[in-house]
>>> print(open('final08.cif').read())   # mmCIF, C-alpha atoms
data_my_file
loop_
_atom_site.group_PDB
_atom_site.id
_atom_site.type_symbol
_atom_site.label_atom_id
_atom_site.label_comp_id
_atom_site.auth_asym_id
_atom_site.auth_seq_id
_atom_site.Cartn_x
_atom_site.Cartn_y
_atom_site.Cartn_z
ATOM 1 C CA MET S 1 -6.407 -15.874 -6.435
ATOM 2 C CA LYS S 2 -3.064 -14.184 -5.742
ATOM 3 C CA ALA S 3 -2.480 -12.780 -2.247
ATOM 4 C CA VAL S 4 0.407 -11.519 -0.128
ATOM 5 C CA THR S 5 0.715 -13.928 2.798
ATOM 6 C CA GLN S 6 2.755 -14.127 5.991
ATOM 7 C CA ASP S 7 3.164 -17.211 8.210
ATOM 8 C CA ARG S 8 5.684 -15.856 10.728
ATOM 9 C CA TYR S 9 6.950 -12.555 12.109
ATOM 10 C CA GLY S 10 10.009 -10.930 10.595
ATOM 11 C CA SER S 11 11.198 -8.525 7.907
ATOM 12 C CA ALA S 12 9.460 -7.945 4.593
ATOM 13 C CA ASP S 13 11.336 -11.006 3.340
ATOM 14 C CA VAL S 14 8.812 -13.297 5.102
ATOM 15 C CA LEU S 15 6.046 -12.089 2.781
ATOM 16 C CA LYS S 16 5.128 -14.316 -0.146
ATOM 17 C CA VAL S 17 2.805 -13.916 -3.104
ATOM 18 C CA THR S 18 0.856 -17.180 -3.199
ATOM 19 C CA GLU S 19 -2.336 -18.690 -4.560
ATOM 20 C CA VAL S 20 -5.143 -18.903 -1.991
ATOM 21 C CA PRO S 21 -8.875 -19.661 -2.265
ATOM 22 C CA ARG S 22 -11.096 -16.748 -3.245
ATOM 23 C CA PRO S 23 -13.182 -15.635 -0.237
ATOM 24 C CA VAL S 24 -16.961 -15.992 -0.150
ATOM 25 C CA PRO S 25 -18.992 -13.122 1.353
ATOM 26 C CA ALA S 26 -21.152 -13.763 4.416
ATOM 27 C CA GLU S 27 -24.650 -12.261 4.548
ATOM 28 C CA GLY S 28 -23.389 -8.877 5.787
ATOM 29 C CA GLU S 29 -20.282 -8.717 3.602
ATOM 30 C CA VAL S 30 -19.237 -7.384 0.230
ATOM 31 C CA LEU S 31 -16.801 -9.235 -2.075
ATOM 32 C CA VAL S 32 -14.592 -6.719 -3.868
ATOM 33 C CA ARG S 33 -12.306 -7.254 -6.844
ATOM 34 C CA VAL S 34 -9.333 -5.237 -5.610
ATOM 35 C CA HIS S 35 -7.724 -2.791 -8.048
ATOM 36 C CA ALA S 36 -5.493 -0.991 -5.537
ATOM 37 C CA ALA S 37 -4.499 -1.311 -1.883
ATOM 38 C CA ALA S 38 -2.534 1.116 0.287
ATOM 39 C CA VAL S 39 0.341 0.368 2.647
ATOM 40 C CA ASN S 40 0.105 1.605 6.254
ATOM 41 C CA ALA S 41 2.101 1.446 9.480
ATOM 42 C CA TYR S 42 -0.625 -1.047 10.451
ATOM 43 C CA ASP S 43 0.960 -3.504 8.015
ATOM 44 C CA TRP S 44 4.462 -3.429 9.457
ATOM 45 C CA HIS S 45 3.095 -3.705 13.001
ATOM 46 C CA PHE S 46 1.642 -7.053 11.886
ATOM 47 C CA LEU S 47 4.695 -7.910 9.799
ATOM 48 C CA HIS S 48 7.031 -7.636 12.797
ATOM 49 C CA GLY S 49 4.535 -8.529 15.528
ATOM 50 C CA ASP S 50 5.443 -5.215 17.134
ATOM 51 C CA PRO S 51 5.005 -4.232 19.890
ATOM 52 C CA ARG S 52 5.479 -7.744 21.217
ATOM 53 C CA ILE S 53 2.740 -7.361 23.835
ATOM 54 C CA ALA S 54 0.270 -7.029 20.941
ATOM 55 C CA ARG S 55 1.041 -10.606 19.870
ATOM 56 C CA LEU S 56 -1.426 -11.696 22.551
ATOM 57 C CA SER S 57 -4.135 -10.604 20.103
ATOM 58 C CA MET S 58 -2.230 -10.795 16.780
ATOM 59 C CA GLY S 59 -0.996 -14.351 17.333
ATOM 60 C CA LEU S 60 1.847 -15.560 19.540
ATOM 61 C CA ARG S 61 4.124 -17.203 16.947
ATOM 62 C CA GLY S 62 2.716 -15.724 13.779
ATOM 63 C CA PRO S 63 -0.248 -13.615 12.675
ATOM 64 C CA LYS S 64 -3.685 -15.201 12.898
ATOM 65 C CA GLU S 65 -4.706 -13.276 9.770
ATOM 66 C CA GLN S 66 -2.126 -14.360 7.211
ATOM 67 C CA ILE S 67 -3.052 -12.110 4.273
ATOM 68 C CA ARG S 68 -1.648 -8.613 4.760
ATOM 69 C CA GLY S 69 -3.206 -5.284 3.810
ATOM 70 C CA ARG S 70 -6.070 -3.184 5.128
ATOM 71 C CA ASP S 71 -7.059 -0.399 2.669
ATOM 72 C CA PHE S 72 -8.561 -1.157 -0.732
ATOM 73 C CA ALA S 73 -10.443 0.236 -3.701
ATOM 74 C CA GLY S 74 -12.085 -1.795 -6.437
ATOM 75 C CA ARG S 75 -15.352 -3.068 -7.894
ATOM 76 C CA VAL S 76 -18.042 -5.037 -6.114
ATOM 77 C CA GLU S 77 -18.054 -8.632 -7.327
ATOM 78 C CA ALA S 78 -20.848 -9.994 -5.093
ATOM 79 C CA VAL S 79 -22.848 -9.018 -2.005
ATOM 80 C CA GLY S 80 -24.281 -10.952 0.906
ATOM 81 C CA SER S 81 -28.030 -11.253 1.383
ATOM 82 C CA ALA S 82 -28.156 -8.578 4.109
ATOM 83 C CA VAL S 83 -26.239 -5.912 2.158
ATOM 84 C CA LYS S 84 -28.282 -2.923 0.999
ATOM 85 C CA GLY S 85 -27.216 -0.060 -1.259
ATOM 86 C CA LEU S 86 -24.323 -1.790 -3.043
ATOM 87 C CA ALA S 87 -24.457 -4.068 -6.076
ATOM 88 C CA PRO S 88 -22.029 -5.917 -8.342
ATOM 89 C CA GLY S 89 -20.153 -3.491 -10.559
ATOM 90 C CA ASP S 90 -20.175 -0.592 -8.071
ATOM 91 C CA GLU S 91 -16.825 1.161 -7.588
ATOM 92 C CA VAL S 92 -16.032 1.231 -3.854
ATOM 93 C CA PHE S 93 -13.332 1.850 -1.267
ATOM 94 C CA GLY S 94 -12.972 0.709 2.323
ATOM 95 C CA GLU S 95 -11.147 -1.302 4.971
ATOM 96 C CA ALA S 96 -10.750 -5.027 5.581
ATOM 97 C CA ASP S 97 -7.924 -7.298 6.629
ATOM 98 C CA GLY S 98 -6.512 -9.177 3.649
ATOM 99 C CA ALA S 99 -6.536 -6.333 1.101
ATOM 100 C CA PHE S 100 -3.210 -7.284 -0.530
ATOM 101 C CA ALA S 101 -5.018 -9.733 -2.780
ATOM 102 C CA GLU S 102 -7.042 -9.961 -5.959
ATOM 103 C CA TYR S 103 -10.265 -10.213 -3.930
ATOM 104 C CA VAL S 104 -11.235 -9.228 -0.399
ATOM 105 C CA CYS S 105 -14.395 -9.649 1.703
ATOM 106 C CA ALA S 106 -15.329 -6.607 3.786
ATOM 107 C CA ALA S 107 -18.127 -5.881 6.233
ATOM 108 C CA ASP S 108 -20.806 -3.745 4.607
ATOM 109 C CA ASP S 109 -20.294 -1.047 7.275
ATOM 110 C CA CYS S 110 -16.637 -0.686 6.197
ATOM 111 C CA VAL S 111 -17.303 -0.073 2.480
ATOM 112 C CA ASP S 112 -18.683 2.938 0.624
ATOM 113 C CA ARG S 113 -18.940 4.335 -2.891
ATOM 114 C CA LYS S 114 -15.619 5.532 -4.309
ATOM 115 C CA PRO S 115 -15.310 9.335 -4.466
ATOM 116 C CA ASP S 116 -16.052 10.748 -7.900
ATOM 117 C CA GLY S 117 -12.986 11.853 -9.807
ATOM 118 C CA LEU S 118 -10.487 9.659 -7.971
ATOM 119 C CA SER S 119 -8.552 6.781 -9.484
ATOM 120 C CA PHE S 120 -8.623 3.451 -7.683
ATOM 121 C CA GLU S 121 -5.079 4.160 -6.463
ATOM 122 C CA GLU S 122 -6.078 7.515 -4.990
ATOM 123 C CA ALA S 123 -9.210 6.070 -3.377
ATOM 124 C CA ALA S 124 -7.220 3.210 -1.816
ATOM 125 C CA ALA S 125 -4.941 5.761 -0.143
ATOM 126 C CA LEU S 126 -7.819 7.187 1.883
ATOM 127 C CA PRO S 127 -9.598 4.780 4.248
ATOM 128 C CA LEU S 128 -7.384 3.936 7.233
ATOM 129 C CA ALA S 129 -5.119 6.989 7.176
ATOM 130 C CA ALA S 130 -7.729 9.651 6.426
ATOM 131 C CA ASN S 131 -10.207 8.041 8.829
ATOM 132 C CA THR S 132 -7.544 8.095 11.562
ATOM 133 C CA ALA S 133 -7.026 11.812 10.978
ATOM 134 C CA LEU S 134 -10.784 12.468 10.928
ATOM 135 C CA ILE S 135 -11.457 10.620 14.178
ATOM 136 C CA GLY S 136 -8.452 12.136 15.930
ATOM 137 C CA LEU S 137 -9.367 15.714 15.080
ATOM 138 C CA ARG S 138 -13.166 15.711 14.912
ATOM 139 C CA ASP S 139 -14.173 13.082 17.471
ATOM 140 C CA VAL S 140 -11.314 12.837 19.973
ATOM 141 C CA ALA S 141 -9.928 16.385 20.051
ATOM 142 C CA GLY S 142 -13.216 18.080 19.130
ATOM 143 C CA LEU S 143 -11.233 20.511 16.971
ATOM 144 C CA ARG S 144 -12.938 23.873 16.468
ATOM 145 C CA ALA S 145 -12.441 26.732 14.041
ATOM 146 C CA ASP S 146 -9.671 29.161 15.039
ATOM 147 C CA GLN S 147 -8.023 26.709 17.429
ATOM 148 C CA SER S 148 -4.283 26.212 17.099
ATOM 149 C CA LEU S 149 -3.212 22.681 16.167
ATOM 150 C CA LEU S 150 0.223 21.092 15.947
ATOM 151 C CA ILE S 151 0.602 17.849 13.985
ATOM 152 C CA ASN S 152 3.707 15.892 14.920
ATOM 153 C CA GLY S 153 4.356 13.830 11.784
ATOM 154 C CA ALA S 154 2.655 16.044 9.210
ATOM 155 C CA SER S 155 4.054 14.111 6.259
ATOM 156 C CA GLY S 156 3.829 10.324 5.940
ATOM 157 C CA GLY S 157 0.547 8.414 5.840
ATOM 158 C CA VAL S 158 -1.891 10.135 8.229
ATOM 159 C CA GLY S 159 -0.286 13.575 8.513
ATOM 160 C CA PRO S 160 -1.171 15.018 5.086
ATOM 161 C CA PHE S 161 -4.827 14.106 5.621
ATOM 162 C CA ALA S 162 -4.749 15.645 9.107
ATOM 163 C CA VAL S 163 -3.403 18.930 7.734
ATOM 164 C CA GLN S 164 -6.134 19.142 5.100
ATOM 165 C CA ILE S 165 -8.995 18.105 7.390
ATOM 166 C CA ALA S 166 -7.888 20.584 10.071
ATOM 167 C CA LYS S 167 -7.835 23.398 7.510
ATOM 168 C CA ALA S 168 -11.290 22.354 6.311
ATOM 169 C CA TYR S 169 -12.454 22.796 9.908
ATOM 170 C CA GLY S 170 -10.888 26.258 10.099
ATOM 171 C CA ALA S 171 -7.991 25.524 12.482
ATOM 172 C CA ARG S 172 -4.582 27.215 12.473
ATOM 173 C CA VAL S 173 -2.200 24.405 11.605
ATOM 174 C CA THR S 174 1.467 23.892 12.402
ATOM 175 C CA GLY S 175 3.043 20.811 10.837
ATOM 176 C CA VAL S 176 6.206 19.101 12.079
ATOM 177 C CA CYS S 177 8.280 17.185 9.527
ATOM 178 C CA SER S 178 11.823 16.701 8.195
ATOM 179 C CA SER S 179 13.656 19.161 5.936
ATOM 180 C CA ARG S 180 12.778 17.357 2.715
ATOM 181 C CA ASN S 181 9.036 17.548 3.455
ATOM 182 C CA VAL S 182 8.702 21.200 4.475
ATOM 183 C CA ASP S 183 7.487 22.343 1.050
ATOM 184 C CA LEU S 184 5.067 19.408 0.822
ATOM 185 C CA VAL S 185 3.435 20.165 4.181
ATOM 186 C CA ARG S 186 3.197 23.842 3.341
ATOM 187 C CA SER S 187 1.548 23.007 0.006
ATOM 188 C CA LEU S 188 -1.106 20.983 1.871
ATOM 189 C CA GLY S 189 -2.228 24.179 3.602
ATOM 190 C CA ALA S 190 -0.259 24.291 6.865
ATOM 191 C CA ASP S 191 0.038 27.844 8.204
ATOM 192 C CA HIS S 192 3.442 27.130 9.726
ATOM 193 C CA VAL S 193 5.940 24.290 9.298
ATOM 194 C CA ILE S 194 8.608 23.208 11.800
ATOM 195 C CA ASP S 195 11.626 21.270 10.551
ATOM 196 C CA TYR S 196 12.362 18.905 13.434
ATOM 197 C CA THR S 197 15.995 18.567 12.351
ATOM 198 C CA ARG S 198 16.448 22.256 13.151
ATOM 199 C CA GLU S 199 13.908 22.965 15.894
ATOM 200 C CA ASP S 200 12.312 21.029 18.770
ATOM 201 C CA PHE S 201 8.691 22.166 19.040
ATOM 202 C CA THR S 202 8.497 20.986 22.661
ATOM 203 C CA ARG S 203 11.129 23.584 23.589
ATOM 204 C CA GLY S 204 9.703 26.457 21.592
ATOM 205 C CA LYS S 205 7.716 29.397 22.906
ATOM 206 C CA ASP S 206 4.453 28.576 21.113
ATOM 207 C CA ARG S 207 1.630 26.715 22.847
ATOM 208 C CA TYR S 208 -1.173 24.882 21.053
ATOM 209 C CA ASP S 209 -4.821 24.128 21.812
ATOM 210 C CA VAL S 210 -4.389 20.656 20.304
ATOM 211 C CA VAL S 211 -1.340 18.485 19.634
ATOM 212 C CA LEU S 212 -1.919 15.454 17.399
ATOM 213 C CA ASP S 213 1.001 13.062 17.792
ATOM 214 C CA LEU S 214 1.514 10.569 14.962
ATOM 215 C CA VAL S 215 5.100 9.593 15.797
ATOM 216 C CA GLY S 216 5.537 8.929 19.534
ATOM 217 C CA ASN S 217 9.065 10.366 19.641
ATOM 218 C CA HIS S 218 8.714 12.576 22.741
ATOM 219 C CA SER S 219 7.911 11.967 26.380
ATOM 220 C CA LEU S 220 4.539 12.831 27.850
ATOM 221 C CA SER S 221 5.990 15.785 29.758
ATOM 222 C CA GLU S 222 7.563 17.149 26.563
ATOM 223 C CA PHE S 223 4.299 16.918 24.654
ATOM 224 C CA ARG S 224 2.405 18.609 27.485
ATOM 225 C CA ARG S 225 4.917 21.457 27.501
ATOM 226 C CA ALA S 226 3.758 22.345 23.982
ATOM 227 C CA LEU S 227 0.101 22.617 25.075
ATOM 228 C CA THR S 228 -1.899 25.518 26.458
ATOM 229 C CA PRO S 229 -2.895 25.007 30.134
ATOM 230 C CA SER S 230 -6.209 23.454 29.069
ATOM 231 C CA GLY S 231 -5.026 21.995 25.763
ATOM 232 C CA THR S 232 -5.592 18.515 24.345
ATOM 233 C CA LEU S 233 -2.957 15.924 23.469
ATOM 234 C CA VAL S 234 -4.119 13.158 21.116
ATOM 235 C CA LEU S 235 -1.824 10.118 21.025
ATOM 236 C CA SER S 236 -1.784 7.778 18.049
ATOM 237 C CA GLY S 237 -0.045 4.432 17.618
ATOM 238 C CA GLY S 238 1.833 5.135 14.385
ATOM 239 C CA GLY S 239 5.540 5.835 14.452
ATOM 240 C CA VAL S 240 8.346 3.907 12.792
ATOM 241 C CA PHE S 241 9.891 0.485 13.349
ATOM 242 C CA GLU S 242 13.186 0.715 15.238
ATOM 243 C CA GLY S 243 14.090 -2.917 15.826
ATOM 244 C CA GLY S 244 11.170 -4.047 17.979
ATOM 245 C CA SER S 245 9.791 -3.188 21.389
ATOM 246 C CA LEU S 246 7.791 -4.725 24.199
ATOM 247 C CA PHE S 247 5.176 -2.000 24.624
ATOM 248 C CA GLY S 248 5.877 0.513 21.813
ATOM 249 C CA PRO S 249 3.341 3.383 21.798
ATOM 250 C CA LEU S 250 1.256 1.521 24.382
ATOM 251 C CA GLY S 251 3.687 2.728 27.060
ATOM 252 C CA LEU S 252 2.823 6.345 26.243
ATOM 253 C CA PHE S 253 -0.896 5.504 26.234
ATOM 254 C CA ILE S 254 -0.669 3.905 29.685
ATOM 255 C CA LYS S 255 1.191 6.890 31.131
ATOM 256 C CA GLY S 256 -1.353 9.229 29.575
ATOM 257 C CA ARG S 257 -4.298 7.407 31.142
ATOM 258 C CA ALA S 258 -2.607 7.404 34.542
ATOM 259 C CA LEU S 259 -1.907 11.123 34.371
ATOM 260 C CA ALA S 260 -5.245 12.263 32.925
ATOM 261 C CA PRO S 261 -7.231 12.558 36.203
ATOM 262 C CA PHE S 262 -4.607 14.841 37.757
ATOM 263 C CA VAL S 263 -4.087 17.543 35.116
ATOM 264 C CA ARG S 264 -6.220 20.174 33.406
ATOM 265 C CA GLN S 265 -4.861 19.228 30.017
ATOM 266 C CA ARG S 266 -6.640 16.380 28.259
ATOM 267 C CA VAL S 267 -4.450 13.399 27.327
ATOM 268 C CA LEU S 268 -6.408 11.142 24.979
ATOM 269 C CA GLN S 269 -5.805 8.049 22.864
ATOM 270 C CA LEU S 270 -6.873 7.849 19.222
ATOM 271 C CA PRO S 271 -9.016 4.753 18.579
ATOM 272 C CA ALA S 272 -9.433 4.427 14.801
ATOM 273 C CA LYS S 273 -12.516 2.415 13.805
ATOM 274 C CA ALA S 274 -13.708 1.995 10.236
ATOM 275 C CA SER S 275 -17.291 2.939 9.383
ATOM 276 C CA LYS S 276 -19.392 3.619 6.294
ATOM 277 C CA LYS S 277 -20.447 6.940 7.830
ATOM 278 C CA ASN S 278 -16.847 8.124 8.104
ATOM 279 C CA LEU S 279 -16.038 6.904 4.602
ATOM 280 C CA ALA S 280 -19.002 8.965 3.361
ATOM 281 C CA THR S 281 -17.625 12.031 5.188
ATOM 282 C CA LEU S 282 -14.230 11.518 3.542
ATOM 283 C CA ARG S 283 -15.925 11.136 0.155
ATOM 284 C CA GLU S 284 -17.768 14.422 0.686
ATOM 285 C CA LEU S 285 -14.533 16.199 1.654
ATOM 286 C CA VAL S 286 -12.844 14.878 -1.487
ATOM 287 C CA GLU S 287 -15.717 15.773 -3.794
ATOM 288 C CA SER S 288 -15.914 19.291 -2.328
ATOM 289 C CA GLY S 289 -12.221 19.841 -3.072
ATOM 290 C CA LYS S 290 -11.158 20.008 0.589
ATOM 291 C CA LEU S 291 -9.258 16.719 0.728
ATOM 292 C CA THR S 292 -6.827 15.281 -1.812
ATOM 293 C CA PRO S 293 -4.904 12.006 -1.440
ATOM 294 C CA HIS S 294 -1.222 12.181 -2.386
ATOM 295 C CA ILE S 295 0.748 9.156 -3.551
ATOM 296 C CA GLU S 296 4.540 8.950 -3.473
ATOM 297 C CA ARG S 297 4.875 5.687 -5.380
ATOM 298 C CA THR S 298 2.961 2.634 -6.579
ATOM 299 C CA TYR S 299 4.106 -1.011 -6.695
ATOM 300 C CA PRO S 300 2.526 -4.056 -8.384
ATOM 301 C CA LEU S 301 1.140 -6.785 -6.119
ATOM 302 C CA ASP S 302 4.145 -9.038 -6.769
ATOM 303 C CA GLU S 303 6.372 -6.316 -5.267
ATOM 304 C CA ALA S 304 4.363 -5.833 -2.063
ATOM 305 C CA PRO S 305 7.382 -6.710 0.145
ATOM 306 C CA ALA S 306 9.323 -3.865 -1.495
ATOM 307 C CA ALA S 307 6.381 -1.510 -0.912
ATOM 308 C CA ILE S 308 6.350 -2.235 2.829
ATOM 309 C CA ARG S 309 10.147 -1.991 2.965
ATOM 310 C CA HIS S 310 9.886 1.436 1.310
ATOM 311 C CA LEU S 311 7.428 2.592 3.965
ATOM 312 C CA GLU S 312 9.466 1.527 6.984
ATOM 313 C CA VAL S 313 13.017 2.129 5.713
ATOM 314 C CA GLU S 314 12.673 5.203 3.507
ATOM 315 C CA HIS S 315 9.920 6.848 5.619
ATOM 316 C CA ALA S 316 7.473 7.509 2.784
ATOM 317 C CA ARG S 317 6.514 11.140 2.287
ATOM 318 C CA THR S 318 2.852 10.409 1.589
ATOM 319 C CA LYS S 319 1.098 7.181 0.604
ATOM 320 C CA ILE S 320 2.510 4.021 -0.926
ATOM 321 C CA VAL S 321 -0.036 2.105 -3.002
ATOM 322 C CA ILE S 322 -0.078 -1.425 -4.422
ATOM 323 C CA THR S 323 -1.806 -1.992 -7.745
ATOM 324 C CA VAL S 324 -3.553 -5.309 -8.352
#
>>> encode(input="final08.cif", output="structure tokens")
Amino acid sequence: MKAVTQDRYGSADVLKVTEVPRPVPAEGEVLVRVHAAAVNAYDWHFLHGDPRIARLSMGLRGPKEQIRGRDFAGRVEAVGSAVKGLAPGDEVFGEADGAFAEYVCAADDCVDRKPDGLSFEEAAALPLAANTALIGLRDVAGLRADQSLLINGASGGVGPFAVQIAKAYGARVTGVCSSRNVDLVRSLGADHVIDYTREDFTRGKDRYDVVLDLVGNHSLSEFRRALTPSGTLVLSGGGVFEGGSLFGPLGLFIKGRALAPFVRQRVLQLPAKASKKNLATLRELVESGKLTPHIERTYPLDEAPAAIRHLEVEHARTKIVITV
């Protein structure tokens, strides 16, 4: 089968489309014929081995997992003996390393039925990004109706899902983005939009019950200044690649953990973990009309390096999707 592989760290130029053996599902896995796969910041973190401290788990000289990609949508080709509820031919979406390929094996708990009414491309845009937004707002922040929420990075991969999920939960949403994305973020349902090229939200007069940071472009003290006295700051590990770093967003996480016991404000890290239950929640939000994936551009599998380059260099407005 064709797959996008990487044997060393570097720019998108190190990626190659090669022939590799088709995977065989273990007893608790599902083999999926991939029709579409989405690009995420997750992919360029592995592409560059950034932050460098993460190479202790990624692989010191090159990635242990050599097929890139994480999000997918497609049809079930085969199931392991322990898999229940899915069968060959079912249309599904989910998460698994190695999604930039014609076939991928995924744990049963990371796959669910594709939302009705969505194309494979739209479904592939959901799993990692929308799940990150869901966990950050529902589970970590405990977002409640009528709370005020600021999303730093309201366009891009995770941000548009965060805006929509927060509105579904009844929050008052302020989105932070660049000038070219103001209309987009407003169209997603944000009550207020801040253009960061014109205004620094950390120096404004407004204070928020929750700040969801998807960029990591401010200091901890600046983020806390935008919170109410008992507000919640949720830190994510997204951001953009700026030439490599030793600790990257981990530095902010470490400072947040050290500070947490000494302040009233909650400073929390966003741990995104795939699950069938969360995929089902996302499916329900889509089918009820409360959540819609948006795609900026699609690329064929052979142009996967260009798709990742688009994400990190042009700062994609919404999702970039690879068709297979």
>>> closest_residue(input="final08.cif", among="S:Leu31, S:Ala36, S:Ala133, S:Leu143", to="Leu86 of chain S", atoms="only C-alpha atoms")
S:Leu31
>>> closest_residue(input="final08.cif", among="S:Arg186, S:Arg283, S:His310, S:Arg224", to="Leu126 of chain S", atoms="only C-alpha atoms")
S:Arg283
>>> resolve_selection(input="final08.cif", expression="the PyMOL selection byres ((chain S and resi 171) around 7)", output="short mmCIF file (atom, residue, chain, number, x, y, z; two decimals) with C-alpha atoms, in the frame of the given file")
data_model
loop_
_atom_site.label_atom_id
_atom_site.label_comp_id
_atom_site.auth_asym_id
_atom_site.auth_seq_id
_atom_site.Cartn_x
_atom_site.Cartn_y
_atom_site.Cartn_z
CA ARG S 144 -12.94 23.87 16.47
CA ALA S 145 -12.44 26.73 14.04
CA ASP S 146 -9.67 29.16 15.04
CA GLN S 147 -8.02 26.71 17.43
CA SER S 148 -4.28 26.21 17.10
CA LEU S 149 -3.21 22.68 16.17
CA ALA S 166 -7.89 20.58 10.07
CA LYS S 167 -7.84 23.40 7.51
CA TYR S 169 -12.45 22.80 9.91
CA GLY S 170 -10.89 26.26 10.10
CA ARG S 172 -4.58 27.22 12.47
CA VAL S 173 -2.20 24.40 11.60
#
>>> atom_distance(input="final08.cif", atom1="atom CA of Val111 of chain S", atom2="atom CA of Arg75 of chain S")
11.0 Å
>>> closest_residue(input="final08.cif", among="S:Gln6, S:Arg309, S:Asp183, S:Val104", to="Gly59 of chain S", atoms="all atoms listed in the file")
S:Gln6
>>> closest_residue(input="final08.cif", among="S:Leu301, S:Leu128, S:Ile295, S:Val34", to="Ser275 of chain S", atoms="all atoms listed in the file")
S:Leu128
>>> atom_distance(input="final08.cif", atom1="atom CA of Asp116 of chain S", atom2="atom CA of Glu284 of chain S")
9.5 Å
>>> residues_around(input="final08.cif", residues="segment 92-101 of chain S", least_positions_apart="6", cutoff="6 Å", atoms="all atoms listed in the file", output="list in words")
Lys2, Ala3, Val4, Ile67, Arg68, Gly69, Arg70, Asp71, Phe72, Ala73, Gly74, Arg75, Cys110, Val111, Asp112, Arg113, Lys114 and Pro127 of chain S
>>> atom_distance(input="final08.cif", atom1="atom CA of Ala37 of chain S", atom2="atom CA of Arg52 of chain S")
26.0 Å
>>> residues_around(input="final08.cif", residues="Pro300 of chain S", least_positions_apart="5", cutoff="9 Å", atoms="only C-alpha atoms", output="PDB file with C-alpha atoms, in the frame of the given file")
ATOM      1  CA  ALA S 307       6.381  -1.510  -0.912  1.00  0.00           C
ATOM      2  CA  VAL S 321      -0.036   2.105  -3.002  1.00  0.00           C
ATOM      3  CA  ILE S 322      -0.078  -1.425  -4.422  1.00  0.00           C
ATOM      4  CA  THR S 323      -1.806  -1.992  -7.745  1.00  0.00           C
ATOM      5  CA  VAL S 324      -3.553  -5.309  -8.352  1.00  0.00           C
TER       6      VAL S 324
END
>>> residues_around(input="final08.cif", residues="Pro88 of chain S", least_positions_apart="3", cutoff="9 Å", atoms="all atoms listed in the file", output="list in words")
Leu31, Val32, Arg75, Val76, Glu77, Ala78, Val79 and Glu91 of chain S
>>> resolve_selection(input="final08.cif", expression="the PyMOL selection byres ((chain S and resi 14) around 12)", output="PyMOL selection string")
chain S and resi 4-13+15-17+44+46-48+62-63+66-68+304-306+308-309
>>> resolve_selection(input="final08.cif", expression="the PyMOL selection byres ((chain S and resi 20-28) around 9)", output="number ranges by chain")
S: 1-3, 18-19, 29-31, 78-83, 102-109
>>> residues_around(input="final08.cif", residues="Leu118 of chain S", least_positions_apart="6", cutoff="10 Å", atoms="only C-alpha atoms", output="PyMOL selection string")
chain S and resi 124+283+286-287+292-293
>>> closest_residue(input="final08.cif", among="S:Ala129, S:Asp43, S:Phe120, S:Met58", to="Leu282 of chain S", atoms="all atoms listed in the file")
S:Ala129
>>> closest_residue(input="final08.cif", among="S:Ser230, S:Ser187, S:Gln164, S:Ser178", to="Gln265 of chain S", atoms="all atoms listed in the file")
S:Ser230
>>> residues_near_point(input="final08.cif", point="(-0.9, 7.6, 9.7)", cutoff="12 Å", atoms="only C-alpha atoms", output="VMD selection string")
chain S and resid 38 to 43 125 to 136 151 to 163 212 to 216 235 to 240 270 272 311 315 to 320
>>> build_atoms(input="final08.cif", residues="segment 194-201 of chain S", atoms="N, CA, C and O atoms", output="mmCIF file, in the frame of the given file")
data_model
loop_
_atom_site.group_PDB
_atom_site.id
_atom_site.type_symbol
_atom_site.label_atom_id
_atom_site.label_comp_id
_atom_site.auth_asym_id
_atom_site.auth_seq_id
_atom_site.Cartn_x
_atom_site.Cartn_y
_atom_site.Cartn_z
ATOM 1 N N ILE S 194 7.400 23.329 10.980
ATOM 2 C CA ILE S 194 8.608 23.208 11.800
ATOM 3 C C ILE S 194 9.433 22.034 11.289
ATOM 4 O O ILE S 194 8.926 20.909 11.193
ATOM 5 N N ASP S 195 10.684 22.308 10.955
ATOM 6 C CA ASP S 195 11.626 21.270 10.551
ATOM 7 C C ASP S 195 12.247 20.702 11.820
ATOM 8 O O ASP S 195 13.027 21.377 12.491
ATOM 9 N N TYR S 196 11.905 19.452 12.154
ATOM 10 C CA TYR S 196 12.362 18.905 13.434
ATOM 11 C C TYR S 196 13.866 18.673 13.482
ATOM 12 O O TYR S 196 14.438 18.486 14.568
ATOM 13 N N THR S 197 14.533 18.699 12.329
ATOM 14 C CA THR S 197 15.995 18.567 12.351
ATOM 15 C C THR S 197 16.665 19.866 12.780
ATOM 16 O O THR S 197 17.861 19.880 13.089
ATOM 17 N N ARG S 198 15.907 20.947 12.786
ATOM 18 C CA ARG S 198 16.448 22.256 13.151
ATOM 19 C C ARG S 198 15.844 22.822 14.438
ATOM 20 O O ARG S 198 16.448 23.665 15.093
ATOM 21 N N GLU S 199 14.636 22.364 14.766
ATOM 22 C CA GLU S 199 13.908 22.965 15.894
ATOM 23 C C GLU S 199 13.089 21.901 16.611
ATOM 24 O O GLU S 199 12.419 21.088 15.971
ATOM 25 N N ASP S 200 13.113 21.930 17.941
ATOM 26 C CA ASP S 200 12.312 21.029 18.770
ATOM 27 C C ASP S 200 11.079 21.788 19.240
ATOM 28 O O ASP S 200 11.184 22.721 20.045
ATOM 29 N N PHE S 201 9.904 21.413 18.716
ATOM 30 C CA PHE S 201 8.691 22.166 19.040
ATOM 31 C C PHE S 201 8.351 22.106 20.522
ATOM 32 O O PHE S 201 7.671 22.994 21.045
#
